[in-house]
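Data block below; observations after.
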Amino acid sequence: MAIKITGTMQRMAALILLCLAQPALAILPIEQWQSASGAKVLFVANRDLPMLDVSVDFPAGSAYDTREKSGAAAMTRSLLRLGADGLAEDEIARRFADVGAVLGGRFDPDRAGLHLRTLSDPQRRDRALGLFSRILKAPEFPADVLEREKVRQIGALKEADLKPDTQVARLFYQMVFRAHPYALRSSGDVDTVSRLTREDLLAFYRRHYVADRAVVAIMGDVSRREAEAIAEQLTGGLPRSDGRVQPLPQVESLAQGVTRMVAHPATQSHILIGAPGIRRDDPDYFTLFVGNYILGGGGFVSRITEEVRQKRGLAYSAYSYFAPQQATGPFIIGMQTRRDQAGEALAVVQNTLREYVRKGPTEEELRAAKQNIIGGFPMRIDSNRKIHDYLGLIGFYDLPLSYLEDFVANIEKVTVDGIRAAFARRVDPDRLVTVVVGADSDRTVMTPAAR
Amino acid sequence: MNTVIPFLQVMLSVCLLLAGPAAAAAPQAVAERELANGLRVIVKPDRRAPVAVTMVWYRIGSVDEQNGVTGVAHVLEHMMFKGTKTVPPGEFSKLIAAAGGRDNAFTSRDYTGYFQTMHKSELPLSFRLEADRMANLVLSPEEFAKEIKVVMEERRWRTDDRPQSVLYERLMATALTAHPYRNPVIGWMSDLENLTVEDTRTFYEQWYGPNNAIVVVVGDVVPDEVFALAERHFGGIPRKTLPPRKPQDEPPQLGIKRLTVKVPAEQPQVLMAYRAPRLQNPDTDWETYALDMLQGVLSGNDAARLPQTLVKTERMAVSAGASYDGVGRGPGFFYLSGTPVSGRSAAEVEQGLRREIRRIIDEGVTADELERVKAQVIAAQVYQRDSMFFQARMIGWLETVGLPHRALDLFVEKLQGVTSEQVQAVARKYLVDDRLTVAYLDPQPLDSVARKPAPPAGARHGN
């Protein structure tokens, strides 16, 4: 196979697939440095398209909310762009639109941040970045805008609260994470959102949007020197942390299994099953990633889809995944099925999981999983957007810069015994939270932990 | 399935000429060939990564269904994964997965498409499997019996338990009287309950053939090699005599239509659909471009008129927007929608939306507003080149609705030329009551639903 090397993504994919035997080769052009502001910066230059992706993330997700002010983290992030440095929200929106720039960003339990996509010609780029910098450094959180956004958010929460998929997720996270902040709803609840004040947002912003905890990811059509200037432009002038932010607490494992049935008139029952799973830095990460591909992550070829959908036609969508986070994130199995067959579907999934945890995958299943994950590696890094996402991930979770280079080798190392042992350590079929919304009546059943 | 890509997004493709400087890798020319059996092959080289996206598009969708068998196009899409004479059920996805690929499919009103994303060296596998199921599908009653249940679950999940999906479904069924766009792509539940494997077989035998299909490949490939490969795998499949397609034209609307949808929900909503032209001649149909710019001015960015006025300034709505669906084989529509804040009604939001349209009819739009939308058009067509999948999707979509993919080059240019007077003119001509259907979502408490036990699996309802 002749491999033509033309661009960044070509080079990365080709070399990674060819150089499995030489994992130490520094073939990925990820550059990392610390900006004068204290921010961590990750950068990949790519001149294929005249565009640029720049994100700035902070450990300021919903896990940094308190129970009393749940929703402050999300509201802080969403108000950044709604008034800053003397510019009103409509002026900010107009200025981004005028240069064709798109401001988005991520918000999850761990991370909060903004992501700018802009054309890379200096005129448009500089206008977009200048605006981005003012938003990050001088948000105003206008009280009047906050009042309006609270009304909108509360309306959305009330609408969502009626839906079976929202109800099942809320209960699931509450029961899996209990006192841990991962149990908090990322957008807050009606009563906590209605109490939020401008001072709450300012306090949250000052505490968590600090330069030395910022991760800047830059991907696209700029030079290293330009990238350095951009990172400093975006984070220079942000305060440093005061050292009072505590790391997230540990997630306690479940003492026993519990099943909660909730009445709801929907045509389908929405089902979530799971427990605390793994942290992002867990040494079992790759083993469980491959193991879960076989169980319920591999789409049409996973065991759960085979048993629930292909063999029995019980659901359109049935899946499982680990969501590794800063603290222990959840392991989740999910599906929706016609309400009168929820019991049957549940039994099928429970048996599938039990069997898998007891025996692990077959050698044949493992081989097929590796073929897919390794063979599919080029598609993980075939666009600026995907590589940019990896930069943010690697930077935020302190993963090695060689994460992508090592990816294939790490998958290659996984064994059947390793998967069986890792699942036995992480997933106890007798100690799971099961929530079914769309039952005929409310009911809770505890499962004794010991058998 | 059932993906409605907003019209503006289509407009925002390709054509790097306007993209500004710094274009390091100019887009490669699209190459095209038609095999002797009528199969068209369209290849767009994109050498940024060693990946190829393959799509096989059939010019067949829910618009081609008959009464009583709505949903059959989509059910057949599911059955296309259930085995051929030489590839057992489920094996298709296993072979793709083992080659590192991802595969799936989509069904819309106008087309059905199948895709694989793989390392470029696996293109032969894609072609071999797609050619096989184009000609040799096995439709077994046993597989059908399971899969039709999956599709019914899909309908419950997508539509029946989602208030906004129900609102849209009932709006379309009211807005149109004769044209099959009035039926949902996934089909009415009663039709699904009564569908048979023979229905899918009839549909497959009538419509699945090389002369009703287009193969689109975007990726790190050489067009001549792709053409040769296509010839090898698809070349032997005989051409089919396709049934005539009846136009099923919609008669003129004779006045405003209104409906109310009562479903469990918290917030009311208003959804308005105006009959609007669809794009037929990309060179001369200026009205569709003007409607597209109208959509952009109304809700194309955070500072656009509807969010700015109804949401931010007057605070009567939690959200408000417009969309234009002007590319398709059937009637086009221009939509307005809004959700009132607590304490305001859908009727008030309807009045607010109408007032904003009135303002444009009376006063036009400003040069600033048009320039802003045009700037977004130019930027978006650069951003979209970051996704091979999206590029393939645009080509296949246009071709299956009867437009040349090369029209993509025209769109940006045409949009740049739209004037305020043209925007005003199309608003005045098309956003009028005699073309309008208005749907209100009237929220009901959850406990208002008297839920009857669901029918046993596979049961037939008489109707």
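We label chains A, B, ... in the order they appear in the structure tokens, count residues from 1 in each chain, and number ligands from 1 in the order shown.
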
**OP:** Select all residues from chain A having any atom no more than 6 Å from an atom of chain B (counting only C-alpha atoms, ignoring ligands), output as a ChimeraX atom specification.
**Re:** /A:7,9-10,47-50,90,93-94,97-98,100,152,159,266,313,315-316,368,371-372,375-376,382-383

Write a file of the just-selected residues containing N, CA and C atoms, as an mmCIF file, in the first residue's frame.
data_model
loop_
_atom_site.group_PDB
_atom_site.id
_atom_site.type_symbol
_atom_site.label_atom_id
_atom_site.label_comp_id
_atom_site.auth_asym_id
_atom_site.auth_seq_id
_atom_site.Cartn_x
_atom_site.Cartn_y
_atom_site.Cartn_z
ATOM 1 N N GLY A 7 -0.812 15.979 3.960
ATOM 2 C CA GLY A 7 -1.190 16.973 4.958
ATOM 3 C C GLY A 7 -1.076 16.409 6.353
ATOM 4 N N MET A 9 -3.291 15.482 8.586
ATOM 5 C CA MET A 9 -4.081 14.316 8.984
ATOM 6 C C MET A 9 -3.639 13.069 8.245
ATOM 7 N N GLN A 10 -3.229 13.243 7.003
ATOM 8 C CA GLN A 10 -2.672 12.126 6.252
ATOM 9 C C GLN A 10 -1.469 11.560 6.987
ATOM 10 N N ARG A 47 -2.688 23.819 7.466
ATOM 11 C CA ARG A 47 -2.937 24.858 6.461
ATOM 12 C C ARG A 47 -3.866 24.397 5.352
ATOM 13 N N ASP A 48 -4.466 23.217 5.499
ATOM 14 C CA ASP A 48 -5.300 22.693 4.414
ATOM 15 C C ASP A 48 -6.503 23.586 4.112
ATOM 16 N N LEU A 49 -7.092 24.142 5.146
ATOM 17 C CA LEU A 49 -8.277 24.985 4.954
ATOM 18 C C LEU A 49 -8.024 26.351 5.595
ATOM 19 N N PRO A 50 -8.583 27.417 5.008
ATOM 20 C CA PRO A 50 -8.335 28.764 5.535
ATOM 21 C C PRO A 50 -9.214 29.061 6.740
ATOM 22 N N ASP A 90 -26.555 42.180 21.667
ATOM 23 C CA ASP A 90 -26.865 42.202 20.234
ATOM 24 C C ASP A 90 -25.671 42.696 19.432
ATOM 25 N N ALA A 93 -23.321 39.715 19.141
ATOM 26 C CA ALA A 93 -23.844 38.748 18.158
ATOM 27 C C ALA A 93 -23.634 39.272 16.740
ATOM 28 N N ARG A 94 -23.911 40.546 16.527
ATOM 29 C CA ARG A 94 -23.739 41.130 15.190
ATOM 30 C C ARG A 94 -22.286 41.077 14.745
ATOM 31 N N ALA A 97 -21.260 37.622 13.702
ATOM 32 C CA ALA A 97 -21.915 37.247 12.445
ATOM 33 C C ALA A 97 -21.302 38.009 11.271
ATOM 34 N N ASP A 98 -20.942 39.247 11.486
ATOM 35 C CA ASP A 98 -20.402 40.075 10.393
ATOM 36 C C ASP A 98 -19.119 39.509 9.798
ATOM 37 N N GLY A 100 -18.524 36.185 9.902
ATOM 38 C CA GLY A 100 -18.792 34.776 9.630
ATOM 39 C C GLY A 100 -18.243 33.844 10.703
ATOM 40 N N ARG A 152 -36.414 31.921 30.634
ATOM 41 C CA ARG A 152 -36.298 30.959 29.530
ATOM 42 C C ARG A 152 -35.859 29.592 30.045
ATOM 43 N N GLU A 159 -40.612 22.135 30.836
ATOM 44 C CA GLU A 159 -40.965 21.322 29.670
ATOM 45 C C GLU A 159 -40.232 19.974 29.728
ATOM 46 N N ALA A 266 -46.207 7.748 28.789
ATOM 47 C CA ALA A 266 -45.584 7.629 27.464
ATOM 48 C C ALA A 266 -45.824 6.238 26.866
ATOM 49 N N GLY A 313 -36.274 -7.576 18.413
ATOM 50 C CA GLY A 313 -37.039 -6.398 17.972
ATOM 51 C C GLY A 313 -37.619 -5.587 19.112
ATOM 52 N N ALA A 315 -36.250 -2.924 20.759
ATOM 53 C CA ALA A 315 -35.914 -1.498 20.870
ATOM 54 C C ALA A 315 -35.271 -1.015 19.587
ATOM 55 N N TYR A 316 -35.400 0.269 19.337
ATOM 56 C CA TYR A 316 -34.707 0.888 18.214
ATOM 57 C C TYR A 316 -33.259 1.158 18.602
ATOM 58 N N ALA A 368 -12.444 -8.968 16.430
ATOM 59 C CA ALA A 368 -13.297 -8.101 15.607
ATOM 60 C C ALA A 368 -13.319 -6.677 16.163
ATOM 61 N N GLN A 371 -10.110 -4.976 15.276
ATOM 62 C CA GLN A 371 -10.097 -4.637 13.848
ATOM 63 C C GLN A 371 -10.857 -3.348 13.601
ATOM 64 N N ASN A 372 -12.018 -3.221 14.235
ATOM 65 C CA ASN A 372 -12.816 -2.028 13.991
ATOM 66 C C ASN A 372 -12.167 -0.780 14.576
ATOM 67 N N GLY A 375 -8.712 -0.216 12.757
ATOM 68 C CA GLY A 375 -8.955 0.128 11.354
ATOM 69 C C GLY A 375 -9.688 1.453 11.209
ATOM 70 N N GLY A 376 -10.471 1.803 12.223
ATOM 71 C CA GLY A 376 -11.236 3.047 12.162
ATOM 72 C C GLY A 376 -10.484 4.249 12.694
ATOM 73 N N ASP A 382 -9.925 12.757 11.144
ATOM 74 C CA ASP A 382 -9.989 13.138 9.732
ATOM 75 C C ASP A 382 -10.554 14.533 9.496
ATOM 76 N N SER A 383 -10.663 15.343 10.539
ATOM 77 C CA SER A 383 -11.116 16.719 10.324
ATOM 78 C C SER A 383 -10.502 17.622 11.386
#

Subject >> Contacts of Arg128 (chain B) at 10 Å (only C-alpha atoms; same-chain gap of 2+ positions) as a list in words >> reply: Leu123, Pro124, Leu125, Ser126, Glu130, Ala131, Asp132, Arg133, Leu229, Ala230, Arg232, His233 and Phe234 of chain B

**OP:** Per DSSP on the backbone, filter region 233-424 of chain A down to the residues in alpha helix (DSSP H) and report them as a ChimeraX atom specification.
**Re:** /A:233-235,285-292,303-305,342-359,363-375,377-380,384-396,403-412,416-424

Original post:
Given the choices B:Pro88, B:Pro238, B:Pro331, B:Gly402, which gets closest to Ala36 (chain B) if the distance is worked out from only C-alpha atoms?
Top reply: B:Pro238

Subject >> Backbone-only DSSP, strand (DSSP E or B) members of region 323-366 of chain A, as a PyMOL selection string >> reply: chain A and resi 325+330-338

Write the selection just made, keeping C-alpha atoms, as a CSV table (one decimal), in the first residue's frame?
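Below you can see selection.csv, which holds the result:
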chain,number,residue,atom,x,y,z
A,325,GLN,CA,-14.6,12.0,34.0
A,330,PRO,CA,-20.9,6.6,35.1
A,331,PHE,CA,-21.2,3.3,33.4
A,332,ILE,CA,-24.6,3.3,31.6
A,333,ILE,CA,-26.8,0.9,29.7
A,334,GLY,CA,-29.8,2.5,28.1
A,335,MET,CA,-32.8,1.7,25.9
A,336,GLN,CA,-36.4,2.6,25.2
A,337,THR,CA,-39.1,-0.1,24.6
A,338,ARG,CA,-42.9,-0.3,24.4

Original post:
Quick one: distance from CA of Gly438 (chain A) to CA of Val75 (chain B) in Å, one decimal?
Top reply: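 CA of Val75 (chain B) lies 26.2 Å from CA of Gly438 (chain A).
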
**OP:** Would you mind listing what lies within 9 Å of Gly220 (chain A) as an MDAnalysis selection string, with only C-alpha atoms counted and same-chain residues fewer than 4 positions away left out?
**Re:** chainID A and resid 43:54 120 384 388

Selection above as a file: C-alpha atoms, as a short mmCIF file (atom, residue, chain, number, x, y, z; two decimals), in the first residue's frame:
data_model
loop_
_atom_site.label_atom_id
_atom_site.label_comp_id
_atom_site.auth_asym_id
_atom_site.auth_seq_id
_atom_site.Cartn_x
_atom_site.Cartn_y
_atom_site.Cartn_z
CA PHE A 43 -1.60 23.56 19.17
CA VAL A 44 -1.63 21.80 15.82
CA ALA A 45 -0.96 23.78 12.66
CA ASN A 46 -2.95 22.77 9.61
CA ARG A 47 -2.94 24.86 6.46
CA ASP A 48 -5.30 22.69 4.41
CA LEU A 49 -8.28 24.98 4.95
CA PRO A 50 -8.34 28.76 5.53
CA MET A 51 -9.91 28.45 8.95
CA LEU A 52 -9.08 28.33 12.63
CA ASP A 53 -10.57 26.65 15.71
CA VAL A 54 -9.73 28.09 19.13
CA SER A 120 -8.14 32.61 9.13
CA ASN A 384 -9.94 19.86 12.06
CA HIS A 388 -9.30 20.10 17.95
#

Subject >> Using only C-alpha atoms: which of A:Ala318, A:Val216, A:Ala183, A:Ala255 has the shortest distance to Leu432 (chain A) >> reply: A:Ala255

**OP:** Tell me, in Å to one decimal, how far CA of Pro276 (chain A) is from CA of Asp417 (chain A).
**Re:** 22.0 Å

**OP:** For CA of Gln250 (chain A) and CA of Lys69 (chain A), determine how far apart the two atoms are, in Å to one decimal place.
**Re:**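 It comes out at 20.8 Å.
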
**OP:** Can you pull out every residue within 12 Å of Thr284 (chain B), counting only C-alpha atoms, but drop anything in the same chain fewer than 3 positions away, and send it as a PyMOL selection string?
**Re:** chain B and resi 279-281+287-290+407+410-411+414

Subject >> Residue neighbourhood Gly236 (chain A), 9 Å, only C-alpha atoms, exclusion window fewer than 2 positions, as a PyMOL selection string >> reply: chain A and resi 35-39+137+211+231-234+238-239

Original post:
Of the candidates B:Val365, B:Val69, B:Val401, B:Met394, which shows the shortest atom-to-atom distance to Pro180 (chain B), using only C-alpha atoms?
Top reply: B:Val69

**OP:** Please provide the set of residues having any atom within 12 Å of Gly395 (chain A), restricted to only C-alpha atoms, with same-chain residues fewer than 5 positions apart removed, written as a VMD selection string.
**Re:** chain A and resid 30 to 34 39 to 43 55 to 59 111 213 to 218 388 to 390 400 to 403

**OP:** For Pro45 (chain B), list every protein, DNA or RNA residue within 10 Å, evaluated using only C-alpha atoms, and leave out those in the same chain fewer than 4 positions away; present the list as number ranges by chain.
**Re:** B: 27-31, 52, 217-223, 388

Subject >> Selected residue, from A:Arg185, A:Ile374, A:Val99, A:Leu119, that lies nearest to Gln384 (chain B) when counting only C-alpha atoms >> reply: A:Leu119
